[in-house]
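Reproduced below: work20.pdb, with PDB, C-alpha atoms.
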ATOM      1  CA  MET H   1     213.643 109.535  52.367
ATOM      2  CA  ALA H   2     212.415 112.559  54.360
ATOM      3  CA  SER H   3     208.879 112.765  55.636
ATOM      4  CA  PRO H   4     206.567 115.390  54.067
ATOM      5  CA  GLY H   5     206.605 117.476  57.271
ATOM      6  CA  VAL H   6     210.394 117.701  57.277
ATOM      7  CA  GLN H   7     210.444 118.570  53.590
ATOM      8  CA  GLN H   8     207.893 121.328  54.154
ATOM      9  CA  ASP H   9     209.941 122.699  57.033
ATOM     10  CA  ALA H  10     213.060 122.702  54.865
ATOM     11  CA  SER H  11     211.288 124.554  52.058
ATOM     12  CA  GLU H  12     209.873 126.982  54.625
ATOM     13  CA  ALA H  13     213.373 127.604  55.967
ATOM     14  CA  ALA H  14     214.609 128.125  52.408
ATOM     15  CA  LEU H  15     211.834 130.670  51.784
ATOM     16  CA  ILE H  16     212.716 132.503  54.988
ATOM     17  CA  GLU H  17     216.354 132.700  53.919
ATOM     18  CA  ARG H  18     215.331 133.974  50.475
ATOM     19  CA  VAL H  19     213.252 136.742  52.070
ATOM     20  CA  ARG H  20     216.087 137.644  54.424
ATOM     21  CA  GLY H  21     218.370 137.743  51.382
ATOM     22  CA  GLY H  22     216.173 140.391  49.749
ATOM     23  CA  ASP H  23     213.732 138.300  47.685
ATOM     24  CA  HIS H  24     210.584 139.986  48.980
ATOM     25  CA  ASP H  25     208.332 138.063  46.569
ATOM     26  CA  ALA H  26     209.240 134.869  48.415
ATOM     27  CA  PHE H  27     207.393 136.254  51.443
ATOM     28  CA  TYR H  28     204.079 135.821  49.604
ATOM     29  CA  GLU H  29     204.894 132.145  49.066
ATOM     30  CA  LEU H  30     205.829 131.827  52.732
ATOM     31  CA  VAL H  31     202.623 133.420  54.042
ATOM     32  CA  ARG H  32     200.074 132.144  51.510
ATOM     33  CA  PRO H  33     199.472 128.720  53.197
ATOM     34  CA  HIS H  34     198.824 130.433  56.538
ATOM     35  CA  GLU H  35     196.478 133.248  55.464
ATOM     36  CA  ARG H  36     193.278 131.452  56.489
ATOM     37  CA  GLY H  37     194.687 130.469  59.884
ATOM     38  CA  VAL H  38     195.813 134.029  60.525
ATOM     39  CA  TYR H  39     192.384 135.393  59.609
ATOM     40  CA  LEU H  40     190.545 132.829  61.764
ATOM     41  CA  ALA H  41     192.828 133.513  64.739
ATOM     42  CA  ALA H  42     192.091 137.233  64.425
ATOM     43  CA  LEU H  43     188.359 136.642  63.973
ATOM     44  CA  SER H  44     188.201 134.448  67.071
ATOM     45  CA  ILE H  45     189.412 137.377  69.166
ATOM     46  CA  VAL H  46     187.918 140.500  67.573
ATOM     47  CA  ASN H  47     184.603 138.878  66.526
ATOM     48  CA  ASN H  48     184.241 141.173  63.545
ATOM     49  CA  GLU H  49     185.132 140.266  59.958
ATOM     50  CA  GLY H  50     186.337 143.737  58.999
ATOM     51  CA  ASP H  51     188.520 144.091  62.074
ATOM     52  CA  ALA H  52     189.812 140.535  61.590
ATOM     53  CA  GLU H  53     190.927 141.409  58.046
ATOM     54  CA  GLU H  54     192.731 144.522  59.291
ATOM     55  CA  VAL H  55     194.372 142.603  62.135
ATOM     56  CA  ALA H  56     195.468 139.844  59.734
ATOM     57  CA  GLN H  57     196.982 142.389  57.356
ATOM     58  CA  GLU H  58     198.762 144.166  60.183
ATOM     59  CA  ALA H  59     200.101 140.874  61.564
ATOM     60  CA  ILE H  60     201.459 139.797  58.188
ATOM     61  CA  LEU H  61     203.070 143.202  57.720
ATOM     62  CA  LYS H  62     204.692 142.957  61.172
ATOM     63  CA  ALA H  63     205.915 139.452  60.392
ATOM     64  CA  PHE H  64     207.527 140.768  57.203
ATOM     65  CA  LYS H  65     209.186 143.667  59.006
ATOM     66  CA  ASN H  66     210.433 141.447  61.835
ATOM     67  CA  LEU H  67     211.398 138.327  59.893
ATOM     68  CA  ALA H  68     215.040 138.972  60.745
ATOM     69  CA  ARG H  69     214.114 138.363  64.400
ATOM     70  CA  PHE H  70     212.521 134.977  63.666
ATOM     71  CA  ARG H  71     214.848 132.487  65.325
ATOM     72  CA  GLY H  72     213.252 129.302  64.046
ATOM     73  CA  GLU H  73     212.684 127.904  67.552
ATOM     74  CA  ALA H  74     209.047 127.361  66.603
ATOM     75  CA  LYS H  75     207.362 126.828  63.258
ATOM     76  CA  PHE H  76     206.862 129.950  61.169
ATOM     77  CA  SER H  77     203.078 129.436  61.316
ATOM     78  CA  THR H  78     203.164 129.383  65.129
ATOM     79  CA  TRP H  79     205.167 132.598  65.198
ATOM     80  CA  LEU H  80     202.803 134.240  62.711
ATOM     81  CA  ILE H  81     199.685 133.202  64.655
ATOM     82  CA  GLN H  82     201.233 134.560  67.878
ATOM     83  CA  ILE H  83     201.817 137.913  66.183
ATOM     84  CA  THR H  84     198.190 137.828  64.999
ATOM     85  CA  ILE H  85     196.857 137.105  68.482
ATOM     86  CA  ASN H  86     198.902 139.952  69.933
ATOM     87  CA  GLU H  87     197.656 142.322  67.231
ATOM     88  CA  ALA H  88     194.039 141.294  67.852
ATOM     89  CA  ARG H  89     194.402 141.833  71.590
ATOM     90  CA  MET H  90     195.936 145.264  70.996
ATOM     91  CA  ARG H  91     193.005 146.102  68.719
ATOM     92  CA  LEU H  92     190.564 145.190  71.490
ATOM     93  CA  ARG H  93     192.470 147.309  74.000
ATOM     94  CA  LYS H  94     192.475 150.278  71.614
ATOM     95  CA  ASP H  95     188.750 149.869  71.014
ATOM     96  CA  ARG H  96     188.136 149.927  74.774
ATOM     97  CA  LYS H  97     190.183 153.083  75.321
ATOM     98  CA  HIS H  98     186.982 155.155  75.439
ATOM     99  CA  LEU H  99     185.982 153.278  78.608
ATOM    100  CA  TYR H 100     188.754 155.087  80.471
ATOM    101  CA  ASP H 101     187.950 158.611  79.323
ATOM    102  CA  SER H 102     187.513 161.196  82.047
ATOM    103  CA  LEU H 103     183.967 161.891  83.180
ATOM    104  CA  ASP H 104     184.902 165.523  83.719
ATOM    105  CA  ASP H 105     186.001 166.150  80.156
ATOM    106  CA  GLY H 106     183.482 168.122  78.201
ATOM    107  CA  LYS H 107     183.577 170.220  75.095
ATOM    108  CA  GLU H 108     183.174 173.856  74.317
ATOM    109  CA  ASP H 109     180.997 175.211  71.534
ATOM    110  CA  GLU H 110     181.895 178.104  69.229
ATOM    111  CA  GLN H 111     181.041 180.686  71.893
ATOM    112  CA  GLY H 112     183.234 178.950  74.500
ATOM    113  CA  ASP H 113     180.286 177.581  76.479
ATOM    114  CA  TYR H 114     180.855 174.272  78.266
ATOM    115  CA  ILE H 115     178.925 171.300  76.888
ATOM    116  CA  PRO H 116     178.862 168.306  79.237
ATOM    117  CA  ARG H 117     179.873 164.914  77.930
ATOM    118  CA  ASP H 118     177.034 162.881  76.436
ATOM    119  CA  PHE H 119     176.546 159.502  78.101
ATOM    120  CA  ALA H 120     174.755 156.465  76.826
ATOM    121  CA  ASP H 121     171.635 155.207  78.562
ATOM    122  CA  TRP H 122     172.846 152.561  81.026
ATOM    123  CA  ARG H 123     169.421 151.177  81.867
ATOM    124  CA  ASP H 124     168.677 147.584  80.961
ATOM    125  CA  ILE H 125     166.789 146.857  77.791
ATOM    126  CA  PRO H 126     163.645 145.135  79.095
ATOM    127  CA  SER H 127     163.816 142.172  76.695
ATOM    128  CA  GLU H 128     167.486 141.520  77.570
ATOM    129  CA  ALA H 129     166.780 141.812  81.298
ATOM    130  CA  LEU H 130     163.953 139.297  80.922
ATOM    131  CA  ALA H 131     166.176 136.893  78.978
ATOM    132  CA  ARG H 132     168.915 137.158  81.642
ATOM    133  CA  SER H 133     166.367 136.588  84.382
ATOM    134  CA  GLU H 134     164.974 133.514  82.621
ATOM    135  CA  LEU H 135     168.483 132.172  82.050
ATOM    136  CA  ARG H 136     169.376 132.752  85.703
ATOM    137  CA  GLN H 137     166.228 130.893  86.807
ATOM    138  CA  ALA H 138     166.951 127.983  84.448
ATOM    139  CA  LEU H 139     170.544 127.724  85.708
ATOM    140  CA  THR H 140     169.362 127.829  89.321
ATOM    141  CA  ARG H 141     166.836 125.043  88.650
ATOM    142  CA  ALA H 142     169.514 122.995  86.883
ATOM    143  CA  LEU H 143     171.992 123.447  89.746
ATOM    144  CA  ASN H 144     169.347 122.570  92.335
ATOM    145  CA  SER H 145     168.486 119.378  90.445
ATOM    146  CA  LEU H 146     172.047 118.064  90.899
ATOM    147  CA  SER H 147     173.011 115.921  93.865
ATOM    148  CA  PRO H 148     175.345 117.758  96.301
ATOM    149  CA  LYS H 149     178.513 115.934  95.217
ATOM    150  CA  TYR H 150     178.024 117.017  91.598
ATOM    151  CA  LYS H 151     176.784 120.495  92.458
ATOM    152  CA  GLN H 152     179.838 121.210  94.633
ATOM    153  CA  VAL H 153     182.285 120.213  91.908
ATOM    154  CA  LEU H 154     180.429 122.195  89.241
ATOM    155  CA  VAL H 155     180.271 125.340  91.382
ATOM    156  CA  LEU H 156     183.926 125.142  92.438
ATOM    157  CA  ARG H 157     185.204 124.508  88.893
ATOM    158  CA  ASP H 158     182.832 126.434  86.604
ATOM    159  CA  VAL H 159     181.623 129.247  88.861
ATOM    160  CA  GLU H 160     184.580 129.832  91.182
ATOM    161  CA  HIS H 161     187.125 128.817  88.500
ATOM    162  CA  LEU H 162     189.250 126.762  90.877
ATOM    163  CA  SER H 163     191.744 124.300  89.450
ATOM    164  CA  ILE H 164     191.147 120.560  89.566
ATOM    165  CA  ALA H 165     193.816 120.204  92.272
ATOM    166  CA  GLU H 166     192.268 122.974  94.390
ATOM    167  CA  THR H 167     188.796 121.470  94.002
ATOM    168  CA  ALA H 168     190.085 118.023  94.979
ATOM    169  CA  ALA H 169     191.808 119.435  98.068
ATOM    170  CA  ILE H 170     188.705 121.344  99.181
ATOM    171  CA  LEU H 171     186.406 118.339  98.729
ATOM    172  CA  GLY H 172     188.919 115.828 100.077
ATOM    173  CA  VAL H 173     188.801 113.602  96.982
ATOM    174  CA  ASN H 174     191.369 112.754  94.323
ATOM    175  CA  GLU H 175     191.674 114.646  91.026
ATOM    176  CA  ALA H 176     190.257 111.780  88.973
ATOM    177  CA  THR H 177     187.084 111.883  91.075
ATOM    178  CA  VAL H 178     186.793 115.634  90.484
ATOM    179  CA  LYS H 179     187.109 115.132  86.718
ATOM    180  CA  THR H 180     184.525 112.340  86.703
ATOM    181  CA  ARG H 181     182.027 114.268  88.827
ATOM    182  CA  LEU H 182     182.504 117.416  86.751
ATOM    183  CA  LEU H 183     181.834 115.534  83.525
ATOM    184  CA  ARG H 184     178.716 113.900  84.971
ATOM    185  CA  ALA H 185     177.488 117.203  86.385
ATOM    186  CA  ARG H 186     177.870 118.932  83.040
ATOM    187  CA  LEU H 187     176.081 116.091  81.274
ATOM    188  CA  GLN H 188     173.172 116.278  83.716
TER
END

Output the file's structure as structure tokens, nothing else.
Amino acid sequence: MASPGVQQDASEAALIERVRGGDHDAFYELVRPHERGVYLAALSIVNNEGDAEEVAQEAILKAFKNLARFRGEAKFSTWLIQITINEARMRLRKDRKHLYDSLDDGKEDEQGDYIPRDFADWRDIPSEALARSELRQALTRALNSLSPKYKQVLVLRDVEHLSIAETAAILGVNEATVKTRLLRARLQ
């Protein structure tokens, strides 16, 4: 008797073949169990419910259009989530396109007069600056309260983003010691 996971994979493969054979309604059956996962994957990247819905719809549409390219080397859900993540990342890149606009570009009004580009106010909002300052002070106090062996590991791993192996080599300890010290430092 086959396990439930194998049976589900077989029915998934059958649905994929039906869609490839022209039964487009079978695609809804194929995607329905994964809709929530697709939406949550999109939401985790774009951090906006409306954008997440659009990304999820676009990902499902791309999966439908490209189902012929699905080779079955991974589960369908994995393939679909990967498409979703790529779509969400593209959405973020498109939304950031304005960051690369030319500073020299301006506009002309009806009479042909040049109107310089309007820029946002880049000054800190006082309440946010105060909150950042307080957070920085609290982090500094917390770091200073750690003994040097824990502080070094925490700074190398969490601030400098070095790997466990690199941290171990720098400190001259084994990787297990780095992991233990890092855990203890974070707990403190």

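Here atom CA of H:Leu143 and atom CA of H:Leu182 stand 12.5 Å from one another.
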
**Item:** Matched chain/residue IDs from the PyMOL selection byres ((chain H and resi 86) around 12), as a PyMOL selection string
**Value:** chain H and resi 38+41-42+45-46+55-56+58-59+62-63+79-85+87-93

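With only C-alpha atoms as the atoms that count, the residue of H:Thr180, H:Gly50, H:Arg186, H:His24 with the shortest distance to H:Ser145 is H:Arg186.
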
**Item:** Spatial neighbours of H:Ala165, 12 Å, only C-alpha atoms, chain gap at least 2 places, as a count of residues only
**Value:** 19

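Atom pair atom CA of H:Lys151 / atom CA of H:Arg181: separated by 8.9 Å.
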
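Going from atom CA of H:Ala10 to atom CA of H:Glu73 covers 13.7 Å.
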
**Asked** Between H:Ala129, H:Asn144, H:Phe76, H:Phe64, which has the minimum distance to H:Asp25 (counting all atoms listed in the file)?
**Response** H:Phe64
